[in-house]
Amino acid sequence: MNTCYHKTNFTKIASRDFIKDNKSTHNLLIYTLYKVIEILSNDENHTKLKELFSRFNVNLGDSVIIETDNAKHEGILIPRYEYADVNHLVLKLKNGYNIGINLGKIKNIKKSLDKLDQIIIDPNVNFTEGDKSRDYADSQLSNLSLLSTGGTISSKIDYRTGGVMPALTAKELNDSIPELKKIANIDPEVVLSEYSENIRPEHWTLMTKRIADNVLSGKYDGIIISHGTDTMHYTAAALSFALQNLPIPVVLVGAQRSSDRPSSDASTNLIGACTFASKSKFAGVFVAMHHTLSDEVIACHVGTRVRKNHTSRRDAFHSIDISPFALVRKDQIELCEQFTDLKFNERCTNLENFIVRSNFDDKVMLLKFYPGFDCNIIDYCVQKGSRAIVLEGTGLGHINKECFEQIQTAVKNGIFVFMTSQCIWGKTSLTVYDTGRDLLEIGVIPLSNTTSETALVKVMWCLGNFEDKEVAKIMTSNIANEFTNRIITA
Amino acid sequence: MGFCSIVIALVNNDAPNQNKHKVGLEIHQQLDSNNKLFCNCKIVDSPEYDFTFKRILHPTQSEMGSYDQAAVFESKKIKTVKYLSSKNSNCLIESDEEPPEMVNTEALDLVLTISLALHCTIEDELHVMRKIVIDGSNTTGFQRTILVARNGYLDVDGVRVGIQSICLEEDAARIINEQKDAARIINEQKDDTVDTKIFALDRLGIPLIEIALDPISNTPMFVTNVAQTIGRLLRATKKVTRGLGSIRQDVNISTNGGAVVEVKGVQQLSQLALVIEYETKRQDGLNQIAQELHNRKIHESAFIGNIIDVTDFMQQSNSKIVKKILSGDSRFMALVLREFHGMLSFEPYQGIRLGKELGEVAKSYGIGGIFHSDELPNYGITGEDVKSLASILKVDKNDAFVLVGGPSVLLNSVISELTNRIKKAFSGVVAETRSVRLDGVTVFSRPRPGSSRMYPETDIPYISINENRLKELSKHIPLPWNEVIDQLCKKYPINRTLAENIFDSQYFSLFEKIARHTSINPSFIISKLTEDFVRLERQGYDCSILTQNDLFYLFEQLDKSRISKESIPIILEKLLRNEGSSVNEIIGTLGSEGFTEDDIDGIIKKVIEENHKIISQKGMDSIGLLMGRCMSILRGKVDGEKINKQLVTRLTEHLNKS
């Protein structure tokens, strides 16, 4: 559950390579955003610093005294962000402040006898790798599976050892968010360690399979997926199509503020997601995030109707053309008034109807039309072997008539062309203006109020699991609430 | 709006029983910048709050993997924090809904300039840090702070005082008293539980400079001088804010290399000496208590006896206080202290007792306090009650016990904090943060935070400081205070005392504005803004409610001769007594409006006529009496000088006629 904040600064030094090498990944839910020693040893930019360290025989994490032209600095050597300039080193002073010291001014570095780190570090609170078994299991509570796909629920930096792998067991999860142990017994498991923008359709397949396994095991009352927020709504849509007639709820959850800040929304979102997953009367795929700016109410959105509508706010996720499916307020679930307009199965134990279709074909283009749009892009898609194009048209679903010829060519080549609207809210309607009627004539298939993101995912899923002749029919059928039959005025 | 925080380190000299304290000052001052430190919001005073939201804060680990004890302590106490935000002074950044912008360069340049003025070594590269504070005063759960410079000095009365460090920080949110500020809160849902803390966000993010000094071996008077000197240096930049209520001073005190006590909330320099005096006494008292524990051979590891729930017994008590405590979902716990008889009320100095310290710890959880056996029977708990309790708790005559009553959810934390506190009493002074009352008495608020609360601000890149920037800034080092005062004397012109008074006052910028826009005598403006305000404060008025706009308007009216000089204090008093909603309204009620020259002349003529007998006897000498009569009618409405002049003219005419 990385945030957009963190990413901007730490993409380059995220520790995912480190994770791959680490044997403890099987029960690693939470990992640090920092990769410490590796930054220096792998990065040619910091050779100056490396040379300096070897000259004075010191290492990151050492307590040192640094003598410069005009001063003596005492502290702990701390790693430097990779993107920062190469002319300084970072020292953590006794008072906890970090400063940068210009390498050119350094006359001498010697190890300090003062064991600063021993004073600062309290061994009792360090995460340790533990037993995966649920030592807190309570038979009265429901059982949830928590699958982590990336981002962080809890992160910390350990500059001494060079990047910690805080392996998170059920116990440790409960220790860091104590409210959870009153809600459910949770089995954490790492499926992926990817930032949300690096998620690809094959990752959806992987997640689908893992969820299906856990559903079929019959052990769980609900499944939680922790996910980076940027593409969480694409994944939610993918799972909504791939996992049909789910017997239990599958709830995606993320955080807009990283968990290294006391104000993080990670724990409130996770508590809300777990509450919903354990208690919801309905099964299906949902996204649980803040409903407002307050840490009070968590909104559970329908997986195909949700969209990230803000770069940074906690309440960035909105349901499009409908209210959220449910609101979680403390331990209570309030269903939205409109839920009768939606198709959801009640929670059950019967696995007979559960269908898994986990393939996705990514030969699909999502094209946003705009004034000045180059119609040749459509030709390019044809040449590149795209099997379908989802157009994000203007207004009711229009694009400039100059592109009609290229669209016609695409359709003639057997490429599916779908129309959604870039307006985000509202349905397409290609019968109102002649532009729309012409597009229908050419063979463009309008997708009503399916969001363009959901439409894209649905086409990938259709192409991955069905014969071409079925695609048009499935695309215009309501599979997972991607169409709403009415949009209310409120 | 400046504020000042003061750190006092108190060190025992080699000579026993003779405390010679060392005092380190920490000055905090708000910077007068266009924008906040990490966003583009303007700094606006006292806006209305149009949006509220609630948050829950969790303690997080430091960079080194440990939790800060102050943060953990706070997190046990508070559940929900409510924030009031205003569109005038807040954006998504203060709500922690958007990453911070880059550091405000205007503020950074000012701090660099002040660092140069104080002969500090500027760090080569600045790192924004997060100082974890989860008492709710920051929406993020941390205060952003940057160490800018270290190792400087300043000279005060010929003594050199070292500067430890200079930081640039963001100010915290302001805690709100819901009753008092109710009128300013709009669009609010009233669903709060009693324990919800409320903060307003208008102050959050305003840039602050923090100057920490080396410990000083000198008198409290000298310490006060140092604080004043730094304050004046800061004001000499003319880029710091001034104002009452914005001066917050913290005092750190440690005895003989022992635990450091940080006293927060010293509002005025005049309190400083009181705080030093009280803390010196308290810390010495705590050391004597530790000595007494040692003398009594009480075992540090074995003094804790039974911890028993005595709710059932306490429910039968007739004590009103006990009944009140037990009215909700509350319980009473008793903690037995072996061999402690008399220790809780042992009082090396008046008011310095272990029992009182424990009471303060309990109060910090919002619990009324504690009862202990050394002070019982009392508070409606009878001697019989005490006897019964003693047998329930199986205490003997050498033991003591403590009773704590309060909400069940809190009691375990309180008991464990109380036992902690008693354990620490064996080593004397305890590292903690204390708040201060006006009389200098300090009260426990939370454990003292340590370096574990620092975490790098990962959203903001490092800031490298180059020599050219410093060279440029060194041209703007403020003039020494003396020279600033000299300049003021020449500019207006005013005498030195007036110049010093107005320059140290929060009304300096208002004074300059009035002097610039009106033709009123500068000395007169200063005497009103300084002496009159001091007098009104002494009479018990709260002058901070007068806005700069009101005051400026008042002087403008004087400049337009709509009111007289004499009426200014009258109008001010009426404003302070809330006898009118605006300056304009109060001027209206005074009736000075409509007094034309003719009216005044008419009144003077009438007075002369009425007193013609006396005039005929005394001649020109009757002027005093006549003036008195005129003033009884026109006081506060027309300038006395003007009346006097007109009276002299009319009287002379009258005498000439007769």
# chains A, B, ... in the order shown; residues from 1 in each chain; ligands from 1

$ interface_residues --of "chain B" --to "chain A" --cutoff "9 Å" --atoms "only C-alpha atoms" --output "PyMOL selection string"
chain B and resi 52-67+80+82+92+95-99+121+123-129+131-134+139-142+145-148+151+450-456+458-464

$ write_last_selection --atoms "C-alpha atoms" --output "short mmCIF file (atom, residue, chain, number, x, y, z; two decimals), in the first residue's frame"
data_model
loop_
_atom_site.label_atom_id
_atom_site.label_comp_id
_atom_site.auth_asym_id
_atom_site.auth_seq_id
_atom_site.Cartn_x
_atom_site.Cartn_y
_atom_site.Cartn_z
CA THR B 52 -14.13 19.81 10.33
CA PHE B 53 -12.71 16.31 10.17
CA LYS B 54 -11.57 13.66 12.62
CA ARG B 55 -8.42 11.61 12.81
CA ILE B 56 -6.84 8.82 14.82
CA LEU B 57 -3.06 8.91 15.26
CA HIS B 58 -0.85 5.85 15.82
CA PRO B 59 2.72 5.77 17.14
CA THR B 60 5.23 4.84 14.44
CA GLN B 61 8.81 3.69 14.69
CA SER B 62 11.74 6.00 14.36
CA GLU B 63 14.38 5.63 11.70
CA MET B 64 16.34 3.50 14.15
CA GLY B 65 13.44 1.16 14.75
CA SER B 66 12.35 2.31 18.19
CA TYR B 67 9.22 3.98 19.48
CA THR B 80 -9.93 10.80 18.30
CA LYS B 82 -11.07 16.75 15.67
CA LEU B 92 -5.11 20.01 1.64
CA SER B 95 -5.11 18.34 6.47
CA ASP B 96 -2.36 15.85 5.56
CA GLU B 97 -4.21 15.18 2.31
CA GLU B 98 -1.43 16.28 -0.03
CA PRO B 99 2.38 16.05 0.01
CA THR B 121 28.23 27.36 11.34
CA GLU B 123 25.15 22.98 7.79
CA ASP B 124 26.34 22.13 4.26
CA GLU B 125 23.11 20.39 3.43
CA LEU B 126 19.77 20.66 5.23
CA HIS B 127 17.52 17.67 5.86
CA VAL B 128 13.85 18.08 6.70
CA MET B 129 13.00 15.81 9.63
CA LYS B 131 9.57 15.03 14.85
CA ILE B 132 6.90 12.56 15.96
CA VAL B 133 4.24 14.33 18.06
CA ILE B 134 0.99 12.47 18.40
CA THR B 139 -2.43 16.37 11.52
CA THR B 140 0.49 14.32 10.21
CA GLY B 141 1.47 13.11 13.66
CA PHE B 142 4.81 14.87 13.33
CA THR B 145 11.83 20.60 11.46
CA ILE B 146 15.18 21.42 9.85
CA LEU B 147 18.50 21.80 11.66
CA VAL B 148 20.00 24.83 9.90
CA ASN B 151 27.85 26.41 17.27
CA GLY B 450 13.93 11.61 22.97
CA SER B 451 15.87 11.36 19.73
CA SER B 452 13.71 8.34 18.81
CA ARG B 453 11.06 10.72 17.63
CA MET B 454 13.07 11.84 14.59
CA TYR B 455 12.33 10.42 11.17
CA PRO B 456 13.43 11.81 7.81
CA THR B 458 10.82 11.48 2.77
CA ASP B 459 8.67 13.84 0.70
CA ILE B 460 11.19 16.69 0.49
CA PRO B 461 14.64 16.52 -1.12
CA TYR B 462 17.79 17.64 0.70
CA ILE B 463 18.59 21.35 0.50
CA SER B 464 22.18 22.15 -0.26
#

$ residues_around --residues "B:Glu339" --least-positions-apart "2" --cutoff "6 Å" --atoms "only C-alpha atoms" --output "list in words"
His341, Asn398 and Asp399 of chain B

$ atom_distance --atom1 "atom CA of B:Leu358" --atom2 "atom CA of B:Leu418"
6.2 Å

$ residues_around --residues "A:Val64" --least-positions-apart "6" --cutoff "10 Å" --atoms "only C-alpha atoms" --output "VMD selection string"
chain A and resid 58 73 to 77 91 to 93 109 to 116

$ select_by_dssp --residues "stretch 216-432 of chain A" --states "strand (DSSP E)" --output "mmCIF file with N, CA, C and O atoms, in the first residue's frame"
data_model
loop_
_atom_site.group_PDB
_atom_site.id
_atom_site.type_symbol
_atom_site.label_atom_id
_atom_site.label_comp_id
_atom_site.auth_asym_id
_atom_site.auth_seq_id
_atom_site.Cartn_x
_atom_site.Cartn_y
_atom_site.Cartn_z
ATOM 1 N N GLY A 222 -13.452 -14.609 4.194
ATOM 2 C CA GLY A 222 -13.272 -13.434 3.355
ATOM 3 C C GLY A 222 -11.807 -13.317 2.979
ATOM 4 O O GLY A 222 -10.940 -13.909 3.628
ATOM 5 N N ILE A 223 -11.561 -12.574 1.913
ATOM 6 C CA ILE A 223 -10.179 -12.400 1.469
ATOM 7 C C ILE A 223 -9.893 -10.917 1.305
ATOM 8 O O ILE A 223 -10.700 -10.169 0.736
ATOM 9 N N ILE A 224 -8.761 -10.489 1.852
ATOM 10 C CA ILE A 224 -8.348 -9.088 1.758
ATOM 11 C C ILE A 224 -7.133 -9.045 0.831
ATOM 12 O O ILE A 224 -6.224 -9.858 0.962
ATOM 13 N N ILE A 225 -7.131 -8.093 -0.102
ATOM 14 C CA ILE A 225 -5.962 -7.899 -0.967
ATOM 15 C C ILE A 225 -5.406 -6.525 -0.657
ATOM 16 O O ILE A 225 -6.104 -5.518 -0.861
ATOM 17 N N SER A 226 -4.192 -6.451 -0.163
ATOM 18 C CA SER A 226 -3.609 -5.122 0.001
ATOM 19 C C SER A 226 -2.926 -4.756 -1.310
ATOM 20 O O SER A 226 -2.264 -5.589 -1.930
ATOM 21 N N LEU A 243 -13.478 -13.701 -11.214
ATOM 22 C CA LEU A 243 -14.014 -14.529 -10.134
ATOM 23 C C LEU A 243 -15.523 -14.326 -10.063
ATOM 24 O O LEU A 243 -15.977 -13.357 -9.471
ATOM 25 N N GLN A 244 -16.279 -15.206 -10.710
ATOM 26 C CA GLN A 244 -17.730 -15.013 -10.705
ATOM 27 C C GLN A 244 -18.412 -15.944 -9.716
ATOM 28 O O GLN A 244 -17.939 -17.039 -9.445
ATOM 29 N N PRO A 249 -16.753 -12.526 0.343
ATOM 30 C CA PRO A 249 -16.268 -11.236 -0.169
ATOM 31 C C PRO A 249 -14.757 -11.225 -0.377
ATOM 32 O O PRO A 249 -14.019 -11.834 0.406
ATOM 33 N N VAL A 250 -14.349 -10.555 -1.460
ATOM 34 C CA VAL A 250 -12.930 -10.290 -1.718
ATOM 35 C C VAL A 250 -12.792 -8.768 -1.678
ATOM 36 O O VAL A 250 -13.458 -8.067 -2.428
ATOM 37 N N VAL A 251 -11.968 -8.261 -0.761
ATOM 38 C CA VAL A 251 -11.921 -6.818 -0.540
ATOM 39 C C VAL A 251 -10.519 -6.297 -0.789
ATOM 40 O O VAL A 251 -9.560 -6.726 -0.134
ATOM 41 N N LEU A 252 -10.404 -5.367 -1.743
ATOM 42 C CA LEU A 252 -9.108 -4.724 -1.979
ATOM 43 C C LEU A 252 -8.994 -3.516 -1.060
ATOM 44 O O LEU A 252 -9.978 -2.801 -0.831
ATOM 45 N N VAL A 253 -7.781 -3.292 -0.551
ATOM 46 C CA VAL A 253 -7.589 -2.178 0.373
ATOM 47 C C VAL A 253 -6.213 -1.559 0.131
ATOM 48 O O VAL A 253 -5.266 -2.248 -0.233
ATOM 49 N N GLY A 284 -18.612 -11.026 -3.322
ATOM 50 C CA GLY A 284 -18.271 -10.258 -4.514
ATOM 51 C C GLY A 284 -16.931 -9.574 -4.336
ATOM 52 O O GLY A 284 -16.224 -9.827 -3.348
ATOM 53 N N VAL A 285 -16.587 -8.698 -5.295
ATOM 54 C CA VAL A 285 -15.304 -7.997 -5.223
ATOM 55 C C VAL A 285 -15.551 -6.531 -4.885
ATOM 56 O O VAL A 285 -16.370 -5.869 -5.532
ATOM 57 N N PHE A 286 -14.845 -6.035 -3.892
ATOM 58 C CA PHE A 286 -15.058 -4.671 -3.398
ATOM 59 C C PHE A 286 -13.726 -3.968 -3.173
ATOM 60 O O PHE A 286 -12.685 -4.602 -3.063
ATOM 61 N N VAL A 287 -13.803 -2.645 -3.091
ATOM 62 C CA VAL A 287 -12.631 -1.842 -2.715
ATOM 63 C C VAL A 287 -13.015 -1.058 -1.469
ATOM 64 O O VAL A 287 -14.026 -0.364 -1.468
ATOM 65 N N ALA A 288 -12.208 -1.181 -0.409
ATOM 66 C CA ALA A 288 -12.514 -0.486 0.849
ATOM 67 C C ALA A 288 -11.503 0.624 1.078
ATOM 68 O O ALA A 288 -10.306 0.378 1.192
ATOM 69 N N MET A 289 -12.002 1.860 1.088
ATOM 70 C CA MET A 289 -11.131 3.013 1.347
ATOM 71 C C MET A 289 -11.924 4.062 2.127
ATOM 72 O O MET A 289 -13.126 3.951 2.283
ATOM 73 N N HIS A 290 -11.228 5.128 2.579
ATOM 74 C CA HIS A 290 -11.893 6.211 3.316
ATOM 75 C C HIS A 290 -13.086 6.769 2.542
ATOM 76 O O HIS A 290 -13.003 6.999 1.339
ATOM 77 N N VAL A 297 -15.405 6.623 8.666
ATOM 78 C CA VAL A 297 -16.256 5.751 7.869
ATOM 79 C C VAL A 297 -15.460 5.235 6.674
ATOM 80 O O VAL A 297 -14.799 6.001 5.980
ATOM 81 N N ILE A 298 -15.520 3.912 6.468
ATOM 82 C CA ILE A 298 -14.844 3.305 5.322
ATOM 83 C C ILE A 298 -15.915 2.928 4.297
ATOM 84 O O ILE A 298 -16.927 2.313 4.642
ATOM 85 N N ALA A 299 -15.699 3.368 3.051
ATOM 86 C CA ALA A 299 -16.661 3.070 1.994
ATOM 87 C C ALA A 299 -16.221 1.797 1.274
ATOM 88 O O ALA A 299 -15.037 1.635 0.973
ATOM 89 N N CYS A 300 -17.189 0.880 1.017
ATOM 90 C CA CYS A 300 -16.888 -0.310 0.227
ATOM 91 C C CYS A 300 -17.539 -0.146 -1.138
ATOM 92 O O CYS A 300 -18.756 -0.037 -1.243
ATOM 93 N N HIS A 301 -16.707 -0.063 -2.159
ATOM 94 C CA HIS A 301 -17.183 0.201 -3.508
ATOM 95 C C HIS A 301 -17.295 -1.097 -4.299
ATOM 96 O O HIS A 301 -16.535 -2.036 -4.053
ATOM 97 N N VAL A 302 -18.185 -1.087 -5.277
ATOM 98 C CA VAL A 302 -18.311 -2.209 -6.191
ATOM 99 C C VAL A 302 -17.062 -2.224 -7.093
ATOM 100 O O VAL A 302 -16.670 -1.182 -7.631
ATOM 101 N N VAL A 306 -15.718 1.471 -9.323
ATOM 102 C CA VAL A 306 -14.892 2.365 -8.501
ATOM 103 C C VAL A 306 -13.785 2.995 -9.343
ATOM 104 O O VAL A 306 -13.342 2.432 -10.342
ATOM 105 N N ARG A 307 -13.380 4.201 -8.940
ATOM 106 C CA ARG A 307 -12.351 4.905 -9.699
ATOM 107 C C ARG A 307 -11.526 5.755 -8.739
ATOM 108 O O ARG A 307 -12.068 6.337 -7.787
ATOM 109 N N LYS A 308 -10.224 5.865 -8.960
ATOM 110 C CA LYS A 308 -9.394 6.771 -8.163
ATOM 111 C C LYS A 308 -9.523 8.158 -8.773
ATOM 112 O O LYS A 308 -9.081 8.382 -9.894
ATOM 113 N N PHE A 317 -11.118 7.454 -3.730
ATOM 114 C CA PHE A 317 -11.892 6.463 -4.474
ATOM 115 C C PHE A 317 -13.388 6.765 -4.404
ATOM 116 O O PHE A 317 -13.936 6.984 -3.329
ATOM 117 N N HIS A 318 -14.001 6.815 -5.566
ATOM 118 C CA HIS A 318 -15.435 7.106 -5.668
ATOM 119 C C HIS A 318 -16.112 6.015 -6.482
ATOM 120 O O HIS A 318 -15.516 5.461 -7.400
ATOM 121 N N SER A 319 -17.368 5.765 -6.140
ATOM 122 C CA SER A 319 -18.177 4.908 -6.998
ATOM 123 C C SER A 319 -18.770 5.795 -8.079
ATOM 124 O O SER A 319 -19.259 6.880 -7.789
ATOM 125 N N ALA A 326 -21.522 -0.109 0.385
ATOM 126 C CA ALA A 326 -21.774 -0.118 1.830
ATOM 127 C C ALA A 326 -20.825 0.834 2.524
ATOM 128 O O ALA A 326 -19.763 1.178 1.988
ATOM 129 N N LEU A 327 -21.229 1.281 3.701
ATOM 130 C CA LEU A 327 -20.342 2.080 4.540
ATOM 131 C C LEU A 327 -20.076 1.297 5.819
ATOM 132 O O LEU A 327 -21.005 0.728 6.399
ATOM 133 N N VAL A 328 -18.803 1.270 6.229
ATOM 134 C CA VAL A 328 -18.468 0.608 7.494
ATOM 135 C C VAL A 328 -18.197 1.699 8.519
ATOM 136 O O VAL A 328 -17.300 2.526 8.356
ATOM 137 N N ARG A 329 -19.037 1.706 9.550
ATOM 138 C CA ARG A 329 -18.901 2.708 10.610
ATOM 139 C C ARG A 329 -18.661 1.923 11.894
ATOM 140 O O ARG A 329 -19.530 1.181 12.322
ATOM 141 N N GLN A 332 -20.239 -1.580 12.373
ATOM 142 C CA GLN A 332 -21.526 -1.694 11.685
ATOM 143 C C GLN A 332 -21.369 -1.524 10.174
ATOM 144 O O GLN A 332 -20.594 -0.695 9.714
ATOM 145 N N ILE A 333 -22.125 -2.328 9.416
ATOM 146 C CA ILE A 333 -22.128 -2.190 7.961
ATOM 147 C C ILE A 333 -23.480 -1.630 7.526
ATOM 148 O O ILE A 333 -24.519 -2.205 7.851
ATOM 149 N N GLU A 334 -23.451 -0.490 6.838
ATOM 150 C CA GLU A 334 -24.704 0.089 6.333
ATOM 151 C C GLU A 334 -24.728 -0.099 4.826
ATOM 152 O O GLU A 334 -23.885 0.442 4.123
ATOM 153 N N LEU A 335 -25.703 -0.841 4.307
ATOM 154 C CA LEU A 335 -25.797 -1.019 2.865
ATOM 155 C C LEU A 335 -26.383 0.236 2.239
ATOM 156 O O LEU A 335 -27.236 0.889 2.830
ATOM 157 N N ILE A 355 -17.068 -19.641 -10.522
ATOM 158 C CA ILE A 355 -16.390 -19.805 -11.816
ATOM 159 C C ILE A 355 -15.125 -18.955 -11.832
ATOM 160 O O ILE A 355 -15.166 -17.768 -11.494
ATOM 161 N N VAL A 356 -14.030 -19.548 -12.227
ATOM 162 C CA VAL A 356 -12.777 -18.797 -12.332
ATOM 163 C C VAL A 356 -12.357 -18.740 -13.789
ATOM 164 O O VAL A 356 -12.183 -19.772 -14.438
ATOM 165 N N VAL A 364 -5.045 -4.915 -26.290
ATOM 166 C CA VAL A 364 -6.173 -3.979 -26.326
ATOM 167 C C VAL A 364 -5.620 -2.583 -26.111
ATOM 168 O O VAL A 364 -4.703 -2.397 -25.311
ATOM 169 N N MET A 365 -6.135 -1.613 -26.868
ATOM 170 C CA MET A 365 -5.702 -0.232 -26.693
ATOM 171 C C MET A 365 -6.840 0.593 -26.118
ATOM 172 O O MET A 365 -7.989 0.429 -26.510
ATOM 173 N N LEU A 366 -6.458 1.477 -25.195
ATOM 174 C CA LEU A 366 -7.437 2.441 -24.671
ATOM 175 C C LEU A 366 -7.024 3.797 -25.217
ATOM 176 O O LEU A 366 -5.942 4.301 -24.908
ATOM 177 N N LEU A 367 -7.845 4.374 -26.091
ATOM 178 C CA LEU A 367 -7.469 5.635 -26.744
ATOM 179 C C LEU A 367 -8.403 6.751 -26.305
ATOM 180 O O LEU A 367 -9.622 6.633 -26.394
ATOM 181 N N LYS A 368 -7.790 7.834 -25.828
ATOM 182 C CA LYS A 368 -8.582 8.981 -25.427
ATOM 183 C C LYS A 368 -8.628 9.948 -26.600
ATOM 184 O O LYS A 368 -7.574 10.369 -27.095
ATOM 185 N N ALA A 388 -8.541 -5.311 -30.006
ATOM 186 C CA ALA A 388 -9.674 -4.447 -29.671
ATOM 187 C C ALA A 388 -9.184 -3.056 -29.314
ATOM 188 O O ALA A 388 -8.044 -2.877 -28.862
ATOM 189 N N ILE A 389 -10.057 -2.081 -29.544
ATOM 190 C CA ILE A 389 -9.760 -0.692 -29.173
ATOM 191 C C ILE A 389 -10.916 -0.197 -28.317
ATOM 192 O O ILE A 389 -12.083 -0.353 -28.702
ATOM 193 N N VAL A 390 -10.577 0.373 -27.172
ATOM 194 C CA VAL A 390 -11.606 1.045 -26.368
ATOM 195 C C VAL A 390 -11.395 2.531 -26.562
ATOM 196 O O VAL A 390 -10.317 3.055 -26.263
ATOM 197 N N LEU A 391 -12.395 3.190 -27.128
ATOM 198 C CA LEU A 391 -12.282 4.634 -27.323
ATOM 199 C C LEU A 391 -12.877 5.346 -26.123
ATOM 200 O O LEU A 391 -13.909 4.943 -25.590
ATOM 201 N N GLU A 392 -12.183 6.389 -25.683
ATOM 202 C CA GLU A 392 -12.731 7.259 -24.653
ATOM 203 C C GLU A 392 -13.156 8.514 -25.393
ATOM 204 O O GLU A 392 -12.358 9.421 -25.615
ATOM 205 N N GLY A 393 -14.402 8.532 -25.832
ATOM 206 C CA GLY A 393 -14.876 9.635 -26.656
ATOM 207 C C GLY A 393 -15.274 10.833 -25.822
ATOM 208 O O GLY A 393 -15.259 10.797 -24.591
ATOM 209 N N PHE A 416 -12.337 -5.277 -32.565
ATOM 210 C CA PHE A 416 -13.501 -4.745 -31.847
ATOM 211 C C PHE A 416 -13.241 -3.301 -31.460
ATOM 212 O O PHE A 416 -12.168 -2.982 -30.925
ATOM 213 N N VAL A 417 -14.204 -2.433 -31.751
ATOM 214 C CA VAL A 417 -14.057 -1.033 -31.340
ATOM 215 C C VAL A 417 -15.212 -0.687 -30.399
ATOM 216 O O VAL A 417 -16.375 -0.847 -30.757
ATOM 217 N N PHE A 418 -14.857 -0.273 -29.182
ATOM 218 C CA PHE A 418 -15.867 0.050 -28.173
ATOM 219 C C PHE A 418 -15.822 1.535 -27.847
ATOM 220 O O PHE A 418 -14.789 2.176 -27.959
ATOM 221 N N MET A 419 -16.975 2.043 -27.420
ATOM 222 C CA MET A 419 -17.023 3.467 -27.079
ATOM 223 C C MET A 419 -17.388 3.647 -25.609
ATOM 224 O O MET A 419 -18.374 3.091 -25.128
ATOM 225 N N THR A 420 -16.543 4.420 -24.912
ATOM 226 C CA THR A 420 -16.871 4.851 -23.545
ATOM 227 C C THR A 420 -16.766 6.370 -23.545
ATOM 228 O O THR A 420 -16.381 6.960 -24.553
ATOM 229 N N SER A 421 -17.063 7.003 -22.424
ATOM 230 C CA SER A 421 -16.985 8.463 -22.393
ATOM 231 C C SER A 421 -15.905 8.942 -21.438
ATOM 232 O O SER A 421 -15.733 8.399 -20.352
#

$ atom_distance --atom1 "atom CA of B:Asn34" --atom2 "atom CA of B:Asp550"
22.5 Å

$ atom_distance --atom1 "atom CA of B:Thr105" --atom2 "atom CA of A:Ser258"
26.8 Å

$ closest_residue --among "A:Glu202, A:Glu482, A:Asp213, A:Asp379" --to "A:Leu342" --atoms "only C-alpha atoms"
A:Glu482

$ select_by_dssp --residues "stretch 69-217 of chain B" --states "alpha helix (DSSP H)" --output "MDAnalysis selection string"
chainID B and resid 69:77 105:117

$ closest_residue --among "B:Val310, B:Glu467, B:Asp202, B:Lys491" --to "B:Val404" --atoms "only C-alpha atoms"
B:Val310
